[in-house]
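Participant: Sending over a structure as structure tokens; questions will come in a sec.
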Amino acid sequence: MTRFTKYHLVLVGIAVLLLLMSLVRVASGQNDITSSGTFAAALLLAVPIGLAGLGGLWAERAGVVNIGLEGMMVLGTWFAGWAGYQWGAVAALIAGLLGGALGGLIHAVATVTFGVDHIISGVAINLLGPGVTRFLSEVLYKEGTPAADAGAGITTSPAITGKTWEPSLPLLSDGPDLLGKLESTHWFLLSDLAGILGGLTRNVNILVVLAVLLLPLTFFVLWRTAFGLRLRSVGENPWAAESLGVNVYLIKYIAVVISGAFAGLGGVFLVFVSTKYVEGQTAGRGFIGLAAMIFGNWRPGGLAAGASLFGYADGLQLRSSGAVTSFFLFGAVLLLAYLIIRARRMLAPDQPAELAARSPKDYTLMAAAAAGMVVLFWLWVTVDQLPNEFVFITPHVLTLLVLLVASQRLRMPKADGVRYRRGEQH
Amino acid sequence: MPPPSRRGEMSADTLATAKPAVELEGITKRFPGVVANHDIRITVEPGTVHAIVGENGAGKSTLMKILYGMQKPDEGTIKVNGTEVAFRTPSDAIAVGIGMVHQHFMLADNLTVLENIVLGAEPKKGGMLDTATARKRITELAESHGLRVDPDKLVEDLGVGDRQRVEILKVLYRGARILILDEPTAVLVPQEVEELFQNLRELKAEGLTVIFISHKLDEVLDIADAITVIRRGTTVASLARNEVTSARQLAELMVGSELPTPETRESTVTDRVALQVAHLTMEADGYRPVPKGTSVETYVEKLRADGKRLLLDDVSFEIHEGEILGIAGVEGNGQSELIEAIMGIRAAHGGIALGEQDISTWSTLKRRESGIGYIPEDRHRQGLLLEASLWENRVLGHQTRKPARNGIWVDRRAAKADTERIVKDYDVRTPGVDTLALALSGGNQQKLIVGREMSGAPKFLIAAHPTRGVDVGAQAAIWDHLRNARAAGLAVLLISADLDELIGLSDTIQVIYRGRLVAALDPSDITPERLGGYMTGAIAGTEET
Amino acid sequence: GGGGGSTTASEAPTGAASSEAPKSALKVGLAFDIGGRGDKSFNDAAYAGLEKAKTELSAEIKELSPAADGSNRGDLLRQLADAGYNPIIGVGFAYGEDIKKAAEEYPDIQFAVVDSASNAPNVTGLLFAEEQGSYLAGVAAATKSESSHIGFVGGVENDLIKKFEAGYVAGAKSVKSDIKIDIKYLTPDGDFSGFKAPDKGKVAADKMYQDGADIVYHASGDSGLGVFQAAAAAKKKAIGVDSDQRQTVKETDLQSVILTSMLKRVDVGVFEFIKAFQGGAKGGANVTYDLKVDGVGLATTGGEIDDIKDKLDAARQDIVGGKITVPAKP
Amino acid sequence: MPAGLNRALLTVAGAVIAIVLAIAISSVAITAAGASPLHAFAAFFDFGASERAQSNAIATFLNRAVPLFIAGLAVAVGFRMNLFNIGVEGQYRLAAICAAYVGSTFSAPAPIQITVIIVVAALVGGLYALIPAVMKVTRGVNEVISTIMLNYIAINLSSFLVRGPFAGQRAEGQLTTTTPELPDSAMFPNLNFVFDWFGLLPPTRGGGVWGFLLVAIALGIVIWVVLERTRFGFNVKASGLNGPAALASGVDPKKMIIAAMMLSGGIAGLIGLPEILGDKGAFNSNFTAGLGFLGIAVALLGRNKPVGIAVAALLFAFLDRAQGALQIANVPPSVITIIQGVTVLLVVVANEVTNRLALRLEERRAAQELGTNKVEVAA
Ligand SMILES: Nc1ncnc2c1ncn2[C@@H]1O[C@H](COP(=O)(O)OP(=O)(O)OP(=O)(O)O)[C@@H](O)[C@H]1O
Ligand SMILES: Nc1ncnc2c1ncn2[C@@H]1O[C@H](COP(=O)(O)OP(=O)(O)OP(=O)(O)O)[C@@H](O)[C@H]1O
Ligand SMILES: [Mg+2]
Ligand SMILES: [Mg+2]
């Protein structure tokens, strides 16, 4: 029953969002707001974040906080690059997975076996990841090595060999490219939809498909299988799980190693995009992935939304600094909607009691919302080019704003971050 | 998959020839510095309820954990149904048909009842969790044993009674033939206890064996067929039910000395109001301040009219100097909320006055400073810094008062000296005041808390389950301290699940039910059973005090 | 030269290490910028110059990379000085301040700094007229562009990269004054991840190509890979930077999209400086490597700009002859 | 207090074992790299052949330790009450640029000038840390995420400021963007005279040994006193050990979060000052970044206690100093990061093990000492 309504709520939310985006696009003339290019970029940028977030999800559902995702991702990139240039894309994929899993294993040993604080162990892994990979590069890629002859440098691996497959949807986003045609008409709503669909279906890297599929797969495994039930129970109450014969240590180990592997996969993806390992290419995505996961309330769907939001904002700012100013308009419209809802509820004639129960806080809130709306609108009208620095931070600011609104509804696994020892009860 | 339970197969006539369900031989278990179990011998006959009693820390839970494979014995052998076993994990114990309901609930709150029950023994179909089969089996089990639960509810939405049933279902679901229940009644009211015992008798009739642990000796006498007494880790007596004449006899075996009981003495109640609570109301979905110009009463009216769930619903009472007001109620009916509202930990509507002072807008700190003491219901959660020394625990809650405070500094010397005083006056068994709190046993931790909360001459004390999980010796000491303070004019709000304690100590008893005070009773002529009736809502109305 | 390690104001004699070294030996020290040796770019170019000095001038060489946070640049210079190296070269404009201090502390040692001006009597500034080279890149792009729409992707928005932008824009406008030029930087000044983000480079360039640009010039380090990929995907062209990327990039499908590369001959600058030092030259001045001395220029590998050689040569002549002054700031 | 001594000894023993293990592991790495571990470790201790080189090396070492120590302190204040201020990175950067700019706008006698700069830095850092604190207190936003996001925002903001409103004149031909030069009165006097005491040559480096070292030491002592001896420190400890108990004892968690976060941010604000006031004389695009993250490692290594943090900072600085020396010895310098990472990991593991051991001992001791009592009671 609740599932049902929640599901509908999500659909309605998406529809309203689409409508708003379309409105803002038409009003501002910034076609990039819903262009296929923006959505393709969003997908490209969201996938590594999403994969890191999935890594976080697996670990934290089993009760282990994984702030070391960044370091595991770095390991993933390096090993993918190293294997990829020698044995091709599949080897890169496997090596990256294993590299990340190795980081996860270290984290598991520290946190599960030795009971080290999870944050602490994660920080150490974030220190180790770049250190180890730099060291490996210095040793294996130095002048005179075969790798260096193949194009490696201390900061980059040689390019990985072999091509990855980038399929498109036949007819719709390929060949006749019906969606592309529709998009270029710039009709209200229809073109927006076409742009979004086109962006998400055209020349999609096979790894993207894989990554996106991992979301429902994760949901299925964690919420529909016996193993998933055990994993979640370990994150909620490991003592209960233990008392029913669940091997808590083993499950935590598996979860954290898988977590590392997912982070590593995120690294592999980055390597595939740039066709080689580039030192520093993860650029904090592990952290952002963690944020996306928390943002998504420790659920795959929410995590996807968080990663998408971040990827979208980043893609938009990279493609069009001008379109970013439309967020002002977007914010103004949202605040207006909020005000209308509040005002209607206040003025509803059949609710005198509610009228009496209005507090000054409500008024301040509404006044602030109104003022914010005016300011945002004014900004949208007057500013046509933000300083680049303000454009760059768009995704981060948006994430903060959404968290401010939604944070109180979040519920993390109860035993997340708790040090569990067999036989010792809380 | 666990073996399906073979109900009724082992009938009474096979009993005589059957091997003992459980034989524990010479079990010894040492923890660093403690011998929890020493050469324990117990034989449990199949199809019986076998009670194990012993004071706190006697080693009961440890023994049961050994039997359940959660801990390994250092010495000794375990035989189940005549064959020797060596468990490495609980799964080994589960495999031979042992199930355990733990002293503290072992449930994952954010999972459904069904998920909690099937965890570790999940029915699978094509790699997926087969919820349909599980639901069917749980419903069957629940019906055949009278354990009503909704399999699809989240455990966090359940009350204690329901949770206890889920725990038992967990065990039955695995087809256990030997049930271990470690203090299952601690959180239940008499009616629920009776219901549980009914279930146990039924299980026994089906041939299951039950090992039952409790501090409540009358319950033990009510249900047990055989009783083993453990003292300081060793078995001191193994008796059949008919060998035991009275609870007192058992208790003396347990502690090796006379048994204290809480008894009211002459009333010390004065006519000076120490604490007054008026129309205290708390919303379930978060506190919102009452709008300006609206009175609390009309606001609360509106909340009720709107159908909002209230955790506290118009609670009003007075406590006088020298009076102990007992609050009786099944756990989860607003007791925690009430004390947290009085302490200022959770916001609520309504008035709270200490003496003449309205303190309802004060911070917790200010309330404490003005003379409210607080013995929390969960000492590990709210009462102690386990990894800090005793003297630091003495400072806790008194950071802003003498002797702990000296300007912006913590006065370490004075705090230590005063901790020494508490250790002495309250008989806290500890090597010294620099010892970490976690090294103390539960009873000694509790005595420290009581001593701390009594220091600085409080005017009013909240005592929530002051003797929960504390052995009889410490219990008597704590009661004495409460009575003495009461005689000196202290007002006490006593909350306890131990109805004997409540009746014995209180000058007045109020019953809380669904956030409301539903009855005011005179402890001098109320039995635990009648009190239970009020607490469960079975009896309505107010008796004259 | 030689005989480094003597001290500043204090009376102490030369350090032990340097006095042991044979007087005649040429000991050249070089400190890299963040990224260090093996970056296949700027630092490696400097190293190439150093290596040339080793083989051709039989110099003893030592090269050091700074810590990842660049906190020890000054320290590396001093370690080299204390170990008796002279001359000492700092690679990258970030060395400007540190080299000034080191030079004051070690007045008997000759220093050089790449991309920054001389700021002490014993410091030689090795400057490169990136704007001039970029001007030519702009001319090439504008001439080759069929859509009259080109782009520029900068890695980090600092003043060095802005020189590239300024020259490129000026060059392009000199061909078609109404040409459309999309400009995008990947990260702000101080956040160097913009040089290591091929995916961001790809997204930014993708957008430019989708909007109709057909040639994009990048000055974004490793992020340029993304620009090349975008070009390959869009079947359009890109211009590389620093080295001849048509040669250094190993992927054949990417090589073919590289129209040309703006060369910045840090190797030449470094080698020439060492050679001059050996010849007894003293610092205190800047040496600018511009078009005149072929310190910057366009690569011709692949022959894609052979057809517009005349036009490029003319532009080059105008700059060398002083007819055109290329702006160094956008 | 023999129990305390026991614990301290155990801790030290654990740390030593961990470091030895870390050395063993990195030796394997070094050998794998084809270098000799002995050479590598010699390089760590090779402070140079000449006296001048040695003085310089000591100065480098100390100068590196100072900001690391302050960063560790900043992080530790939050960690002590389970507040994970990952945002030290952004706080110090923003504080540094604001302080550098404000300091350049006026000229006063050195003590006043420097004090104003320090106060501005602490204020800006504290206020920037106030943002996640308020977000946590009012809206329950997890501080780990908000501070990570705010780091990115701070980096961009400071880049905007240094190029825009706070931009200063830059020497001809210099490409670093910078704030205006600080007046001489803002430069913190160095400690080179100490070298004279020992008959050593003073280091040449920039300003020599940064005088800010003294501020750092004073700060360490103040923080130790605040955390260990004051009521505020007690409340921090209580909140960290058991939040609900602290709440029930009258500690207002919201106020504590705000206070601890602001204190943490305020200390973080000072991280950049040693470099600016001791050497650079301005905030520029070469400003040392990443100290906030290193501070986390330093704090963890130092078990969130000022003395431990000082040791950890010295250890990290000692290792970092060898960047050049290792390269001269032809050892890959990234060995340093490996040693640092492995040490942190092993030390926290060792901490955990020794801590548990110590608690076990404590319990046993308590039980043993009570053993005699018990008999009496039974009798
Ligand atoms: N894991 C453990 N480590 C160390 N000591 C332990 C451990 N578990 C129990 N003990 C000790 O063993 C003794 C027996 O504890 P146990 O929990 O078995 O007592 P109990 O009889 O169940 O008490 P209660 O009635 O309070 O439940 C206690 O003194 C306790 O100190
Ligand atoms: N897992 C454990 N590890 C170490 N010591 C333990 C453990 N469990 C219990 N103890 C010790 O056992 C003693 C008392 O144990 P016990 O569980 O009976 O405490 P308690 O407070 O009475 O518990 P409860 O509140 O559950 O009745 C304490 O000294 C405690 O330190
Ligand atoms: Mg027990
Ligand atoms: Mg107990």
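Letters A, B, ... mark the chains of the structure tokens in the order given; residue numbers begin at 1 per chain; ligand numbers begin at 1, in order shown.
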Would you mind listing what lies within 6 Å of C:Tyr85 as a ChimeraX atom specification, with only C-alpha atoms counted and same-chain residues fewer than 4 positions away left out?
Facilitator: /C:27-29,80-81
Participant: Would you kindly return, as a list in words, each protein, DNA or RNA residue with an atom no farther than 7 Å from any atom of stretch 195-210 of chain C, considering only C-alpha atoms and excluding same-chain residues fewer than 4 positions away?
Facilitator: Gly37, Ala41, Val273, Ser274, Val278, Glu279, Gly280, Gln281, Leu318 and Arg319 of chain A; Gly151, Gly155, Val156, Asp182, Lys184, Leu186, Asp214, Ser220, Gly221, Asp222, Ser223, Gly224, Leu225, Gly226, Val227, Gln229, Ala230 and Ala234 of chain C
Participant: Using DSSP on the backbone coordinates, identify the residues of stretch 78-171 of chain C assigned to strand (DSSP E); present them as a PDB file with N, CA and C atoms, in the first residue's frame.
Facilitator:
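Result file follows (out.pdb):
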ATOM      1  N   ILE C  88      70.955  25.686 -11.637  1.00  0.00           N
ATOM      2  CA  ILE C  88      69.758  24.987 -11.180  1.00  0.00           C
ATOM      3  C   ILE C  88      68.549  25.583 -11.900  1.00  0.00           C
ATOM      4  N   ILE C  89      67.706  24.688 -12.359  1.00  0.00           N
ATOM      5  CA  ILE C  89      66.564  25.138 -13.154  1.00  0.00           C
ATOM      6  C   ILE C  89      65.262  24.724 -12.476  1.00  0.00           C
ATOM      7  N   GLY C  90      64.361  25.675 -12.334  1.00  0.00           N
ATOM      8  CA  GLY C  90      63.026  25.368 -11.830  1.00  0.00           C
ATOM      9  C   GLY C  90      62.067  25.354 -13.006  1.00  0.00           C
ATOM     10  N   PHE C 111      70.626  30.427 -11.531  1.00  0.00           N
ATOM     11  CA  PHE C 111      69.321  29.755 -11.574  1.00  0.00           C
ATOM     12  C   PHE C 111      68.607  30.112 -12.866  1.00  0.00           C
ATOM     13  N   ALA C 112      67.700  29.240 -13.228  1.00  0.00           N
ATOM     14  CA  ALA C 112      66.812  29.596 -14.330  1.00  0.00           C
ATOM     15  C   ALA C 112      65.421  29.119 -13.963  1.00  0.00           C
ATOM     16  N   VAL C 113      64.443  29.863 -14.443  1.00  0.00           N
ATOM     17  CA  VAL C 113      63.075  29.438 -14.166  1.00  0.00           C
ATOM     18  C   VAL C 113      62.283  29.479 -15.465  1.00  0.00           C
ATOM     19  N   VAL C 114      61.562  28.408 -15.698  1.00  0.00           N
ATOM     20  CA  VAL C 114      60.770  28.308 -16.913  1.00  0.00           C
ATOM     21  C   VAL C 114      59.415  28.970 -16.687  1.00  0.00           C
ATOM     22  N   VAL C 123      69.317  35.008 -11.736  1.00  0.00           N
ATOM     23  CA  VAL C 123      68.200  34.202 -12.244  1.00  0.00           C
ATOM     24  C   VAL C 123      67.941  34.560 -13.691  1.00  0.00           C
ATOM     25  N   THR C 124      67.837  33.515 -14.492  1.00  0.00           N
ATOM     26  CA  THR C 124      67.460  33.725 -15.880  1.00  0.00           C
ATOM     27  C   THR C 124      66.015  33.298 -16.043  1.00  0.00           C
ATOM     28  N   GLY C 125      65.216  34.156 -16.623  1.00  0.00           N
ATOM     29  CA  GLY C 125      63.827  33.790 -16.882  1.00  0.00           C
ATOM     30  C   GLY C 125      63.725  33.174 -18.258  1.00  0.00           C
ATOM     31  N   LEU C 126      63.232  31.962 -18.323  1.00  0.00           N
ATOM     32  CA  LEU C 126      63.040  31.325 -19.628  1.00  0.00           C
ATOM     33  C   LEU C 126      61.568  31.453 -19.983  1.00  0.00           C
ATOM     34  N   LEU C 127      61.279  32.426 -20.799  1.00  0.00           N
ATOM     35  CA  LEU C 127      59.878  32.710 -21.104  1.00  0.00           C
ATOM     36  C   LEU C 127      59.527  32.185 -22.482  1.00  0.00           C
ATOM     37  N   PHE C 128      58.292  31.837 -22.618  1.00  0.00           N
ATOM     38  CA  PHE C 128      57.820  31.334 -23.903  1.00  0.00           C
ATOM     39  C   PHE C 128      56.646  32.174 -24.356  1.00  0.00           C
ATOM     40  N   HIS C 149      33.391  28.514 -36.834  1.00  0.00           N
ATOM     41  CA  HIS C 149      33.072  28.305 -35.416  1.00  0.00           C
ATOM     42  C   HIS C 149      34.148  27.380 -34.864  1.00  0.00           C
ATOM     43  N   ILE C 150      34.914  27.879 -33.900  1.00  0.00           N
ATOM     44  CA  ILE C 150      35.978  27.064 -33.320  1.00  0.00           C
ATOM     45  C   ILE C 150      35.893  27.117 -31.799  1.00  0.00           C
ATOM     46  N   GLY C 151      36.742  26.362 -31.144  1.00  0.00           N
ATOM     47  CA  GLY C 151      36.659  26.326 -29.687  1.00  0.00           C
ATOM     48  C   GLY C 151      38.014  26.256 -29.020  1.00  0.00           C
ATOM     49  N   PHE C 152      37.990  26.541 -27.724  1.00  0.00           N
ATOM     50  CA  PHE C 152      39.207  26.472 -26.919  1.00  0.00           C
ATOM     51  C   PHE C 152      38.864  25.854 -25.569  1.00  0.00           C
ATOM     52  N   VAL C 153      39.602  24.830 -25.184  1.00  0.00           N
ATOM     53  CA  VAL C 153      39.400  24.226 -23.868  1.00  0.00           C
ATOM     54  C   VAL C 153      40.654  24.441 -23.030  1.00  0.00           C
ATOM     55  N   GLY C 154      40.495  25.153 -21.949  1.00  0.00           N
ATOM     56  CA  GLY C 154      41.626  25.387 -21.047  1.00  0.00           C
ATOM     57  C   GLY C 154      41.494  24.483 -19.830  1.00  0.00           C
ATOM     58  N   GLY C 155      42.605  23.950 -19.353  1.00  0.00           N
ATOM     59  CA  GLY C 155      42.538  23.023 -18.228  1.00  0.00           C
ATOM     60  C   GLY C 155      42.223  23.752 -16.941  1.00  0.00           C
ATOM     61  N   VAL C 156      43.082  24.666 -16.572  1.00  0.00           N
ATOM     62  CA  VAL C 156      42.914  25.395 -15.329  1.00  0.00           C
ATOM     63  C   VAL C 156      42.926  26.880 -15.662  1.00  0.00           C
ATOM     64  N   GLU C 157      42.022  27.576 -15.063  1.00  0.00           N
ATOM     65  CA  GLU C 157      41.869  28.977 -15.443  1.00  0.00           C
ATOM     66  C   GLU C 157      42.924  29.849 -14.760  1.00  0.00           C
TER      67      GLU C 157
END
Participant: Between atom CA of D:Leu182 and atom CA of D:Ser107, what is the distance in Å, rounded to a tenth?
Facilitator: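 Result for atom CA of D:Leu182 versus atom CA of D:Ser107: 8.7 Å, one decimal.
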Participant: Show me a table, sorted first by chain and then by increasing residue number, of the residues of chain B having an atom at most 9 Å from ligand 2, each with its shortest atom pair and the distance in Å to one decimal, counting only C-alpha atoms and all ligand atoms and written as a tab-separated table.
Facilitator:
residue	atom	partner	partner_atom_place_in_ligand_line	distance
B:Phe31	CA	ligand 2	4 (C)	8.0
B:Pro32	CA	ligand 2	4 (C)	8.5
B:Val34	CA	ligand 2	12 (O)	8.9
B:Asn56	CA	ligand 2	18 (O)	5.7
B:Gly57	CA	ligand 2	18 (O)	4.6
B:Ala58	CA	ligand 2	18 (O)	8.1
B:Gly59	CA	ligand 2	18 (O)	8.1
B:Ser61	CA	ligand 2	17 (O)	8.1
B:Gln103	CA	ligand 2	26 (O)	7.2
B:His104	CA	ligand 2	26 (O)	7.2
B:Asp378	CA	ligand 2	25 (O)	7.8
B:Arg379	CA	ligand 2	25 (O)	7.8
B:His380	CA	ligand 2	21 (O)	7.7
B:Leu386	CA	ligand 2	31 (O)	9.0
B:Ala437	CA	ligand 2	31 (O)	8.1
B:Leu438	CA	ligand 2	31 (O)	4.8
B:Ala439	CA	ligand 2	31 (O)	4.7
B:Leu440	CA	ligand 2	29 (O)	4.2
B:Ser441	CA	ligand 2	29 (O)	3.4
B:Gly442	CA	ligand 2	21 (O)	3.2
B:Gly443	CA	ligand 2	22 (O)	6.2
B:Asn444	CA	ligand 2	29 (O)	8.5
B:Gln445	CA	ligand 2	21 (O)	7.4
B:Gln446	CA	ligand 2	21 (O)	8.1
B:Arg468	CA	ligand 2	27 (O)	7.2
B:Gly469	CA	ligand 2	27 (O)	4.1
B:Val470	CA	ligand 2	22 (O)	6.1
B:Asp471	CA	ligand 2	22 (O)	8.2
Participant: Using atom CA of D:Asp252 and atom CA of B:Val395 as the two end points, give the distance in Å to one decimal.
Facilitator: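 For atom CA of D:Asp252 relative to atom CA of B:Val395, the distance reads 15.8 Å.
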Participant: Go through stretch 28-241 of chain D and collect every residue that DSSP, computed from the backbone, puts in alpha helix (DSSP H); the answer should be as a ChimeraX atom specification.
Facilitator: /D:28-32,37-45,51-79,88-104,110-139,143-163,193-197,212-229,231-241
Participant: Atom CA of A:Val109 and atom CA of B:Ala108 are how many Å apart?
Facilitator: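 Computed distance, atom CA of A:Val109 to atom CA of B:Ala108, equals 24.8 Å.
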Participant: Tell me which protein, DNA and RNA residues are within 8 Å of D:Gly290, counting only C-alpha atoms, leaving out same-chain ones fewer than 2 positions away, and put them as a PyMOL selection string.
Facilitator: (chain C and resi 69) or (chain D and resi 89+288+292-294)
Participant: Take the residues that were just selected and, keeping N, CA, C and O atoms, output them as a PDB file, in the first residue's frame.
Facilitator:
ATOM      1  N   ASP C  69      51.775  18.037  -3.159  1.00  0.00           N
ATOM      2  CA  ASP C  69      51.146  19.328  -2.865  1.00  0.00           C
ATOM      3  C   ASP C  69      52.074  20.499  -3.213  1.00  0.00           C
ATOM      4  O   ASP C  69      51.750  21.648  -2.969  1.00  0.00           O
TER       5      ASP C  69
ATOM      6  N   GLU D  89      40.085  21.351   5.167  1.00  0.00           N
ATOM      7  CA  GLU D  89      40.733  21.750   3.923  1.00  0.00           C
ATOM      8  C   GLU D  89      40.183  23.093   3.409  1.00  0.00           C
ATOM      9  O   GLU D  89      40.938  24.025   3.153  1.00  0.00           O
ATOM     10  N   THR D 288      50.106  25.983  -0.252  1.00  0.00           N
ATOM     11  CA  THR D 288      50.105  24.536  -0.016  1.00  0.00           C
ATOM     12  C   THR D 288      48.695  24.041   0.297  1.00  0.00           C
ATOM     13  O   THR D 288      48.091  24.443   1.286  1.00  0.00           O
ATOM     14  N   GLY D 292      44.546  19.908   5.062  1.00  0.00           N
ATOM     15  CA  GLY D 292      43.353  19.520   5.807  1.00  0.00           C
ATOM     16  C   GLY D 292      43.183  18.016   5.815  1.00  0.00           C
ATOM     17  O   GLY D 292      42.853  17.413   6.835  1.00  0.00           O
ATOM     18  N   PHE D 293      43.421  17.389   4.671  1.00  0.00           N
ATOM     19  CA  PHE D 293      43.276  15.935   4.602  1.00  0.00           C
ATOM     20  C   PHE D 293      44.398  15.242   5.358  1.00  0.00           C
ATOM     21  O   PHE D 293      44.180  14.260   6.055  1.00  0.00           O
ATOM     22  N   LEU D 294      45.617  15.780   5.197  1.00  0.00           N
ATOM     23  CA  LEU D 294      46.722  15.194   5.956  1.00  0.00           C
ATOM     24  C   LEU D 294      46.456  15.329   7.452  1.00  0.00           C
ATOM     25  O   LEU D 294      46.821  14.461   8.239  1.00  0.00           O
TER      26      LEU D 294
END
Participant: Which polymer residues have any atom within 8 Å of an atom of B:Ile98, counting only C-alpha atoms, with same-chain residues fewer than 6 positions away left out, as a PyMOL selection string?
Facilitator: chain B and resi 68+176-180
Participant: Would you mind listing what lies within 12 Å of C:Ala142 as a VMD selection string, with only C-alpha atoms counted and same-chain residues fewer than 5 positions away left out?
Facilitator: chain C and resid 134 to 137 147 to 151 168 to 181 213 to 217 237 239 305 308 311 to 312
Participant: So that I can see what lies close to stretch 137-149 of chain D, please list as a list in words the residues with an atom at most 7 Å from it, counting only C-alpha atoms and leaving out residues fewer than 6 positions away in the same chain.
Facilitator: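 Counting only C-alpha atoms, the residues come to Ala291, His396, Leu400, Leu403, Leu404, Ser407 and Gln408 of chain A; Phe84, Asn85, Ile86, Gly87 and Lys254 of chain D.
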Participant: Pick the closest to chain C from A:Met72, A:Ala15, A:Ala150, A:Ile49: which is it, counting only C-alpha atoms?
Facilitator: A:Ala150
